[in-house]
file protein.cif (mmCIF, C-alpha atoms)
data_coords
loop_
_atom_site.label_atom_id
_atom_site.label_comp_id
_atom_site.auth_asym_id
_atom_site.auth_seq_id
_atom_site.Cartn_x
_atom_site.Cartn_y
_atom_site.Cartn_z
CA MET X 269 38.66 105.75 8.67
CA ALA X 270 40.21 103.66 11.35
CA GLU X 271 42.45 100.78 10.52
CA HIS X 272 40.63 97.78 11.85
CA HIS X 273 43.14 96.06 13.99
CA ASP X 274 43.72 95.87 17.71
CA SER X 275 45.76 98.94 18.61
CA GLY X 276 45.96 98.32 22.36
CA ARG X 277 46.60 101.98 22.93
CA PRO X 278 45.36 103.66 26.12
CA MET X 279 42.44 106.03 25.66
CA GLN X 280 41.85 108.42 28.52
CA GLY X 281 39.10 110.84 29.36
CA TRP X 282 37.75 113.07 32.10
CA THR X 283 34.28 114.54 31.86
CA GLU X 284 32.12 116.69 34.10
CA VAL X 285 28.70 115.10 34.49
CA THR X 286 25.55 117.07 35.36
CA ALA X 287 21.83 116.38 35.51
CA GLU X 288 21.68 116.98 31.75
CA VAL X 289 22.15 113.80 29.74
CA GLY X 290 25.57 113.91 28.08
CA TYR X 291 27.60 111.66 25.84
CA HIS X 292 31.29 110.87 26.15
CA LYS X 293 32.50 109.73 22.75
CA PHE X 294 35.59 107.55 22.62
CA ASP X 295 38.20 108.10 19.92
CA THR X 296 37.54 104.62 18.59
CA HIS X 297 35.65 101.59 19.77
CA THR X 298 37.09 100.04 22.90
CA ARG X 299 38.25 96.55 23.62
CA ARG X 300 38.43 97.15 27.34
CA LEU X 301 36.92 99.92 29.42
CA SER X 302 37.23 101.26 32.95
CA ILE X 303 35.03 104.10 34.13
CA ARG X 304 35.48 105.55 37.58
CA ASN X 305 33.28 108.02 39.42
CA GLU X 306 35.77 110.57 40.76
CA GLY X 307 33.18 113.06 41.94
CA ASN X 308 30.77 113.44 44.83
CA GLY X 309 27.46 112.58 43.15
CA THR X 310 26.03 109.29 41.98
CA LEU X 311 26.91 108.71 38.33
CA PHE X 312 24.35 107.08 36.02
CA LEU X 313 25.69 105.43 32.87
CA SER X 314 24.11 103.93 29.78
CA PHE X 315 25.41 102.38 26.57
CA ASP X 316 22.08 102.82 24.76
CA LYS X 317 20.47 105.86 26.48
CA GLU X 318 17.60 103.64 27.62
CA ASN X 319 19.05 101.26 30.19
CA TRP X 320 20.97 102.94 32.97
CA PHE X 321 23.10 101.71 35.84
CA PRO X 322 24.44 103.69 38.80
CA LEU X 323 28.04 104.08 39.85
CA ALA X 324 28.66 105.37 43.38
CA SER X 325 31.41 107.84 44.20
CA GLY X 326 34.85 106.31 44.28
CA THR X 327 33.82 103.10 42.52
CA SER X 328 34.49 101.77 39.04
CA TYR X 329 32.87 99.93 36.18
CA GLU X 330 35.25 97.69 34.28
CA ASP X 331 34.53 95.28 31.43
CA PRO X 332 36.01 94.10 28.15
CA VAL X 333 33.22 95.97 26.44
CA ASN X 334 33.27 97.17 22.84
CA ALA X 335 31.56 100.56 22.82
CA PRO X 336 31.80 103.80 20.82
CA GLY X 337 30.95 105.96 23.84
CA VAL X 338 28.83 106.21 26.96
CA TRP X 339 25.80 108.27 28.00
CA HIS X 340 25.99 109.87 31.41
CA ARG X 341 24.03 111.99 33.87
CA THR X 342 23.43 112.63 37.56
CA GLN X 343 20.14 113.05 39.38
CA THR X 344 21.29 116.25 41.11
CA GLY X 345 24.48 118.25 41.20
CA ARG X 346 27.55 117.17 39.31
CA THR X 347 30.20 114.52 39.42
CA TYR X 348 33.26 113.58 37.38
CA LEU X 349 33.73 110.59 35.13
CA ALA X 350 37.24 109.29 34.50
CA VAL X 351 37.84 106.88 31.64
CA MET X 352 40.67 104.48 30.97
CA GLY X 353 39.95 102.61 27.75
CA ILE X 354 41.94 100.41 25.43
CA GLN X 355 41.52 101.26 21.76
CA LEU X 356 40.20 98.49 19.60
CA THR X 357 41.24 100.14 16.38
CA ARG X 358 44.07 102.42 15.45
CA MET X 359 43.01 105.75 14.05
CA HIS X 360 44.02 106.60 10.50
CA GLY X 361 47.26 108.53 10.56
CA GLN X 362 48.10 107.54 14.11
CA ALA X 363 51.83 107.02 14.26
CA PRO X 364 53.35 103.84 15.67
CA LEU X 365 54.09 103.98 19.40
CA LEU X 366 57.51 105.39 20.22
CA ALA X 367 59.25 106.04 23.49
CA PRO X 368 59.26 109.76 24.46
CA MET T 154 44.97 98.29 33.30
CA GLY T 155 41.90 98.91 35.34
CA TYR T 156 41.07 101.15 38.19
CA THR T 157 41.17 99.90 41.70
CA HIS T 158 37.78 99.20 43.21
CA TYR T 159 39.01 100.49 46.55
CA PRO T 160 36.36 103.14 47.17
CA LYS T 161 38.37 106.23 47.94
CA GLN T 162 38.82 109.36 45.94
CA VAL T 163 40.92 112.48 45.87
CA TRP T 164 38.08 114.90 45.15
CA ASN T 165 35.93 114.57 48.27
CA LEU T 166 35.15 118.23 48.96
CA ILE T 167 31.36 118.43 49.21
CA GLY T 168 31.30 122.16 49.74
CA ALA T 169 33.06 125.09 51.34
CA VAL T 170 32.42 128.58 52.59
CA ARG T 171 35.63 130.56 52.30
CA TRP T 172 35.78 134.32 52.36
CA PRO T 173 37.64 136.25 51.13
CA ALA T 174 37.31 133.92 48.16
CA PRO T 175 40.63 133.03 46.55
CA GLU T 176 41.19 133.96 42.92
CA ASP T 177 39.63 131.45 40.55
CA LYS T 178 42.48 129.43 39.05
CA PRO T 179 42.79 125.92 37.63
CA ASN T 180 43.29 123.15 40.18
CA PHE T 181 46.00 120.49 40.05
CA LEU T 182 45.83 118.44 36.84
CA MET T 183 42.20 117.61 36.05
CA LEU T 184 40.68 118.35 39.48
CA PRO T 185 37.75 120.81 39.59
CA SER T 186 38.49 124.39 40.59
CA PHE T 187 37.95 125.32 44.22
CA SER T 188 35.60 128.11 43.16
CA SER T 189 33.16 125.46 41.87
CA VAL T 190 32.43 124.37 45.47
CA ASN T 191 32.91 127.66 47.33
CA HIS T 192 29.51 129.00 48.41
CA ALA T 193 30.81 132.27 49.85
CA LYS T 194 29.89 135.24 47.67
CA ALA T 195 30.36 138.11 50.14
CA PRO T 196 30.91 138.81 53.84
CA ILE T 197 28.07 137.23 55.86
CA PRO T 198 26.04 139.91 57.70
CA ALA T 199 25.07 139.42 61.35
CA GLY T 200 22.06 137.13 61.57
CA ALA T 201 22.38 135.95 57.95
CA SER T 202 23.00 132.39 56.74
CA VAL T 203 24.77 130.65 53.88
CA VAL T 204 23.00 127.42 52.94
CA PHE T 205 23.88 124.72 50.44
CA PHE T 206 22.61 121.25 49.59
CA HIS T 207 24.16 118.05 48.34
CA GLU T 208 23.39 114.42 47.70
CA ALA T 209 24.60 112.48 50.76
CA GLN T 210 24.00 108.93 49.59
CA ASN T 211 27.58 108.13 48.59
CA PHE T 212 29.09 109.00 51.93
CA THR T 213 29.18 107.29 55.30
CA ARG T 214 30.41 110.29 57.27
CA PHE T 215 31.38 113.91 56.96
CA THR T 216 34.26 115.79 58.52
CA GLY T 217 35.71 119.26 58.33
CA THR T 218 37.29 122.23 60.00
CA LEU T 219 35.94 125.68 60.85
CA PHE T 220 37.35 129.16 61.32
CA ALA T 221 35.82 132.63 61.35
CA ASP T 222 36.26 136.06 62.90
CA GLN T 223 32.75 135.92 64.38
CA PRO T 224 30.85 133.15 66.16
CA PHE T 225 28.60 131.13 63.89
CA GLU T 226 26.24 128.19 64.10
CA PHE T 227 27.08 125.24 61.87
CA ARG T 228 24.15 122.91 61.13
CA LEU T 229 24.09 119.67 59.17
CA SER T 230 20.67 118.21 58.45
CA PHE T 231 19.53 115.24 56.40
CA SER T 232 16.45 114.35 54.41
CA ASN T 233 15.24 110.90 53.46
CA ASP T 234 12.58 112.14 51.07
CA GLU T 235 12.69 110.01 47.96
CA VAL T 236 10.23 112.33 46.24
CA ASP T 237 9.02 115.88 46.78
CA ASP T 238 5.58 116.81 48.10
CA ALA T 239 4.12 116.46 44.60
CA GLY T 240 5.51 112.94 44.27
CA ASP T 241 8.16 113.82 41.71
CA PHE T 242 11.72 112.54 41.99
CA VAL T 243 14.20 115.02 43.37
CA THR T 244 15.98 117.47 41.08
CA ASP T 245 18.37 120.36 41.66
CA ALA T 246 15.37 122.69 41.68
CA THR T 247 13.40 120.74 44.29
CA LEU T 248 16.27 119.62 46.52
CA PRO T 249 16.02 122.74 48.76
CA LEU T 250 12.27 122.09 49.20
CA LEU T 251 12.64 118.65 50.82
CA HIS T 252 12.01 118.00 54.49
CA PHE T 253 15.35 118.02 56.27
CA ASP T 254 13.96 116.44 59.42
CA GLY T 255 17.20 114.89 60.61
CA GLU T 256 19.35 117.47 62.32
CA ALA T 257 22.62 115.59 62.78
CA LEU T 258 24.70 118.43 64.15
CA ARG T 259 24.18 121.91 65.58
CA HIS T 260 27.64 123.11 66.36
CA ALA T 261 28.61 126.45 67.88
CA TYR T 262 31.84 127.86 66.50
CA ASP T 263 33.40 130.47 68.75
CA PRO T 264 36.63 132.24 67.70
CA ALA T 265 37.41 132.78 71.39
CA LYS T 266 37.39 128.98 71.83
CA HIS T 267 38.84 128.04 68.47
CA ALA T 268 40.63 124.84 69.49
CA ALA T 269 37.50 123.45 71.11
CA SER T 270 35.10 124.33 68.30
CA CYS T 271 37.14 124.15 65.08
CA LYS T 272 36.30 120.62 63.89
CA TYR T 273 33.43 118.18 63.57
CA PHE T 274 32.64 114.60 62.61
CA VAL T 275 29.15 113.48 61.59
CA SER T 276 27.64 110.21 60.47
CA THR T 277 25.22 110.25 57.58
CA TYR T 278 21.51 110.00 58.32
CA GLY T 279 19.87 110.33 54.95
CA ARG T 280 19.98 110.61 51.21
CA TRP T 281 20.17 114.40 50.98
CA MET T 282 22.13 116.89 53.00
CA ARG T 283 21.64 120.52 54.01
CA VAL T 284 24.50 122.62 55.31
CA GLU T 285 23.86 125.95 57.02
CA ILE T 286 26.27 128.50 58.43
CA LYS T 287 24.51 131.21 60.42
CA ASN T 288 26.30 134.26 61.69
CA VAL T 289 25.31 134.59 65.37
CA GLY T 290 27.86 137.31 66.12
CA ASP T 291 27.38 141.04 66.47
CA GLY T 292 29.13 141.99 63.24
CA PRO T 293 29.63 140.63 59.73
CA ILE T 294 31.83 137.63 59.11
CA ASN T 295 34.68 139.07 57.07
CA GLN T 296 36.88 135.99 57.28
CA ILE T 297 35.62 132.42 57.23
CA ARG T 298 36.90 129.01 56.24
CA ALA T 299 34.42 126.16 56.64
CA TYR T 300 34.80 122.86 54.80
CA VAL T 301 32.65 119.76 54.37
CA ARG T 302 34.42 116.64 53.19
CA GLY T 303 32.80 113.26 52.69
CA SER T 304 34.20 109.79 53.18
CA VAL T 305 32.80 107.05 50.96
CA PHE T 306 33.56 104.16 53.31
#
call {"tool": "encode", "arguments": {"input": "protein.cif", "output": "structure tokens"}}
result
Amino acid sequence: MAEHHDSGRPMQGWTEVTAEVGYHKFDTHTRRLSIRNEGNGTLFLSFDKENWFPLASGTSYEDPVNAPGVWHRTQTGRTYLAVMGIQLTRMHGQAPLLAP
Amino acid sequence: MGYTHYPKQVWNLIGAVRWPAPEDKPNFLMLPSFSSVNHAKAPIPAGASVVFFHEAQNFTRFTGTLFADQPFEFRLSFSNDEVDDAGDFVTDATLPLLHFDGEALRHAYDPAKHAASCKYFVSTYGRWMRVEIKNVGDGPINQIRAYVRGSVF
């Protein structure tokens, strides 16, 4: 169970995307989300697996969206999806932030 | 917080033909391995070609460098087919079957004139791209380095 308060922690991800529909699950819901297409193919994204929007190479989607994850695919070939999210909730057992 | 919307990226290698192929090792940090874009599987016999395809839509132009121990023909062609001959949208399986009517570049690489023939610059002309390297020398290509990089703006 996640503690339901705003953790504000960064939540990062990097996923290879192919023509097969895939799902990138976030650790918790987000309160802000940036997704960047770091590959060479057009990235198609969906938050409900029904409505899709494209993201060209080298461009980003950014919104204060609350989402548990994102569906992804390409039409051909592969590309790479980079995520920078902000956690909405702190995971159970997650220690307080400390300097390294 | 937030990525820049400046449309530029580190990983812009569309494809490569490099032989002998380097050992497959992890790339820097999270970047894909070079072997994932290297289309060279063996020396290229005289008269034979290596061909690969890629979506071209995200790129405004393509650049690269060439080297080999035999002369070869380097061809970049583009297709604007939105669907295949059956009317279906394009997939990985049907991409090689499209009509690549737009030959953007037919470039003769000659190892005897390396400086004059070792680089190229091509604008995009379509949605899909076909790259062909054809050995036009008398013997097999035992050493080759050919790269295709794309620029998104």
call {"tool": "closest_residue", "arguments": {"input": "protein.cif", "among": "X:His292, X:Ala335, X:Thr283, X:Thr344", "to": "chain T", "atoms": "only C-alpha atoms"}}
result
X:Thr344
call {"tool": "interface_residues", "arguments": {"input": "protein.cif", "of": "chain X", "to": "chain T", "cutoff": "8 Å", "atoms": "all atoms listed in the file", "output": "NGL selection string"}}
result
:X and (282 or 301-304 or 306-310 or 324-328 or 330 or 343-345 or 352)
call {"tool": "residues_around", "arguments": {"input": "protein.cif", "residues": "stretch 216-229 of chain T", "least_positions_apart": "4", "cutoff": "9 Å", "atoms": "all atoms listed in the file", "output": "PyMOL selection string"}}
result
chain T and resi 199+255-265+267+270-276+282-304
call {"tool": "resolve_selection", "arguments": {"input": "protein.cif", "expression": "the PyMOL selection byres ((chain X and resi 284) around 8)", "output": "list in words"}}
result
Trp282, Thr283, Val285, Thr286, Arg346, Thr347, Tyr348 and Leu349 of chain X
call {"tool": "write_last_selection", "arguments": {"input": "protein.cif", "atoms": "C-alpha atoms", "output": "JSON list (two decimals), keeping the file's coordinate frame"}}
result
[["chain", "number", "residue", "atom", "x", "y", "z"],
["X", 282, "TRP", "CA", 37.75, 113.07, 32.10],
["X", 283, "THR", "CA", 34.28, 114.54, 31.86],
["X", 285, "VAL", "CA", 28.70, 115.10, 34.49],
["X", 286, "THR", "CA", 25.55, 117.07, 35.36],
["X", 346, "ARG", "CA", 27.55, 117.17, 39.31],
["X", 347, "THR", "CA", 30.20, 114.52, 39.42],
["X", 348, "TYR", "CA", 33.26, 113.58, 37.38],
["X", 349, "LEU", "CA", 33.73, 110.59, 35.13]]
call {"tool": "atom_distance", "arguments": {"input": "protein.cif", "atom1": "atom CA of T:Ser232", "atom2": "atom CA of T:Arg171"}}
result
25.2 Å
call {"tool": "resolve_selection", "arguments": {"input": "protein.cif", "expression": "the PyMOL selection byres ((chain X and resi 290) around 9)", "output": "list in words"}}
result
Val285, Thr286, Ala287, Glu288, Val289, Tyr291, His292, Val338, Trp339, His340 and Arg341 of chain X
call {"tool": "write_last_selection", "arguments": {"input": "protein.cif", "atoms": "C-alpha atoms", "output": "PDB file, in the frame of the given file"}}
result
ATOM      1  CA  VAL X 285      28.700 115.100  34.490  1.00  0.00           C
ATOM      2  CA  THR X 286      25.550 117.070  35.360  1.00  0.00           C
ATOM      3  CA  ALA X 287      21.830 116.380  35.510  1.00  0.00           C
ATOM      4  CA  GLU X 288      21.680 116.980  31.750  1.00  0.00           C
ATOM      5  CA  VAL X 289      22.150 113.800  29.740  1.00  0.00           C
ATOM      6  CA  TYR X 291      27.600 111.660  25.840  1.00  0.00           C
ATOM      7  CA  HIS X 292      31.290 110.870  26.150  1.00  0.00           C
ATOM      8  CA  VAL X 338      28.830 106.210  26.960  1.00  0.00           C
ATOM      9  CA  TRP X 339      25.800 108.270  28.000  1.00  0.00           C
ATOM     10  CA  HIS X 340      25.990 109.870  31.410  1.00  0.00           C
ATOM     11  CA  ARG X 341      24.030 111.990  33.870  1.00  0.00           C
TER      12      ARG X 341
END
call {"tool": "closest_residue", "arguments": {"input": "protein.cif", "among": "X:Gln362, X:Asn334, X:Tyr329, X:Ser314", "to": "X:Ser275", "atoms": "all atoms listed in the file"}}
result
X:Gln362
call {"tool": "resolve_selection", "arguments": {"input": "protein.cif", "expression": "the PyMOL selection byres ((chain T and resi 192) around 9)", "output": "mmCIF file with C-alpha atoms, keeping the file's coordinate frame"}}
result
data_model
loop_
_atom_site.group_PDB
_atom_site.id
_atom_site.type_symbol
_atom_site.label_atom_id
_atom_site.label_comp_id
_atom_site.auth_asym_id
_atom_site.auth_seq_id
_atom_site.Cartn_x
_atom_site.Cartn_y
_atom_site.Cartn_z
ATOM 1 C CA GLY T 168 31.300 122.160 49.740
ATOM 2 C CA ALA T 169 33.060 125.090 51.340
ATOM 3 C CA VAL T 170 32.420 128.580 52.590
ATOM 4 C CA ARG T 171 35.630 130.560 52.300
ATOM 5 C CA SER T 188 35.600 128.110 43.160
ATOM 6 C CA SER T 189 33.160 125.460 41.870
ATOM 7 C CA VAL T 190 32.430 124.370 45.470
ATOM 8 C CA ASN T 191 32.910 127.660 47.330
ATOM 9 C CA ALA T 193 30.810 132.270 49.850
ATOM 10 C CA LYS T 194 29.890 135.240 47.670
ATOM 11 C CA VAL T 203 24.770 130.650 53.880
ATOM 12 C CA VAL T 204 23.000 127.420 52.940
ATOM 13 C CA PHE T 205 23.880 124.720 50.440
#
call {"tool": "atom_distance", "arguments": {"input": "protein.cif", "atom1": "atom CA of X:His297", "atom2": "atom CA of X:Ala367"}}
result
24.3 Å
call {"tool": "decode", "arguments": {"input": "protein.cif", "residues": "stretch 263-274 of chain T", "atoms": "all heavy atoms", "output": "compact mmCIF listing (two decimals), in the first residue's frame"}}
result
# COMPACT_ATOMS: atom_id res chain seq x y z
N ASP T 263 34.62 5.12 -53.67
CA ASP T 263 35.81 4.53 -54.28
C ASP T 263 36.96 4.67 -53.28
O ASP T 263 37.34 5.80 -52.95
CB ASP T 263 36.13 5.28 -55.58
CG ASP T 263 37.31 4.67 -56.32
OD1 ASP T 263 38.01 3.82 -55.72
OD2 ASP T 263 37.53 5.05 -57.47
N PRO T 264 37.52 3.55 -52.81
CA PRO T 264 38.61 3.66 -51.83
C PRO T 264 39.83 4.39 -52.38
O PRO T 264 40.63 4.93 -51.61
CB PRO T 264 38.93 2.20 -51.48
CG PRO T 264 38.31 1.38 -52.53
CD PRO T 264 37.16 2.16 -53.08
N ALA T 265 39.97 4.41 -53.73
CA ALA T 265 41.10 5.12 -54.32
C ALA T 265 40.86 6.64 -54.31
O ALA T 265 41.80 7.41 -54.53
CB ALA T 265 41.32 4.65 -55.76
N LYS T 266 39.61 7.04 -54.09
CA LYS T 266 39.27 8.47 -54.01
C LYS T 266 38.48 8.70 -52.72
O LYS T 266 37.38 9.23 -52.74
CB LYS T 266 38.44 8.88 -55.22
CG LYS T 266 39.15 8.68 -56.55
CD LYS T 266 38.21 8.95 -57.71
CE LYS T 266 38.91 8.67 -59.03
NZ LYS T 266 37.96 8.76 -60.18
N HIS T 267 39.08 8.24 -51.62
CA HIS T 267 38.35 8.23 -50.35
C HIS T 267 37.87 9.62 -49.95
O HIS T 267 36.69 9.81 -49.62
CB HIS T 267 39.22 7.64 -49.24
CG HIS T 267 38.59 7.70 -47.90
ND1 HIS T 267 37.62 6.82 -47.48
CD2 HIS T 267 38.73 8.60 -46.88
CE1 HIS T 267 37.22 7.14 -46.26
NE2 HIS T 267 37.88 8.21 -45.88
N ALA T 268 38.77 10.60 -49.99
CA ALA T 268 38.41 11.94 -49.50
C ALA T 268 37.24 12.52 -50.27
O ALA T 268 36.40 13.23 -49.72
CB ALA T 268 39.61 12.87 -49.57
N ALA T 269 37.18 12.21 -51.56
CA ALA T 269 36.12 12.78 -52.40
C ALA T 269 34.80 12.05 -52.27
O ALA T 269 33.75 12.58 -52.61
CB ALA T 269 36.58 12.79 -53.86
N SER T 270 34.82 10.81 -51.78
CA SER T 270 33.60 10.00 -51.82
C SER T 270 33.18 9.47 -50.44
O SER T 270 32.32 8.60 -50.36
CB SER T 270 33.78 8.83 -52.79
OG SER T 270 34.85 8.00 -52.38
N CYS T 271 33.75 10.01 -49.38
CA CYS T 271 33.56 9.39 -48.05
C CYS T 271 32.43 10.00 -47.24
O CYS T 271 32.26 9.63 -46.08
CB CYS T 271 34.85 9.47 -47.25
SG CYS T 271 35.31 11.15 -46.81
N LYS T 272 31.65 10.91 -47.80
CA LYS T 272 30.56 11.52 -47.00
C LYS T 272 29.41 11.89 -47.90
O LYS T 272 29.57 12.02 -49.12
CB LYS T 272 31.05 12.73 -46.19
CG LYS T 272 31.41 13.95 -47.03
CD LYS T 272 32.82 13.88 -47.56
CE LYS T 272 33.24 15.14 -48.25
NZ LYS T 272 34.56 15.02 -48.91
N TYR T 273 28.25 12.10 -47.28
CA TYR T 273 27.06 12.45 -48.05
C TYR T 273 26.10 13.26 -47.17
O TYR T 273 26.21 13.26 -45.93
CB TYR T 273 26.34 11.20 -48.58
CG TYR T 273 25.77 10.35 -47.48
CD1 TYR T 273 24.46 10.54 -47.05
CD2 TYR T 273 26.54 9.39 -46.84
CE1 TYR T 273 23.95 9.79 -46.01
CE2 TYR T 273 26.02 8.65 -45.80
CZ TYR T 273 24.73 8.85 -45.39
OH TYR T 273 24.22 8.13 -44.35
N PHE T 274 25.17 13.90 -47.82
CA PHE T 274 24.17 14.73 -47.15
C PHE T 274 22.92 14.68 -48.03
O PHE T 274 23.00 15.01 -49.21
CB PHE T 274 24.68 16.18 -47.05
CG PHE T 274 23.74 17.13 -46.39
CD1 PHE T 274 23.93 17.50 -45.06
CD2 PHE T 274 22.69 17.70 -47.08
CE1 PHE T 274 23.06 18.40 -44.45
CE2 PHE T 274 21.82 18.59 -46.48
CZ PHE T 274 22.00 18.94 -45.16
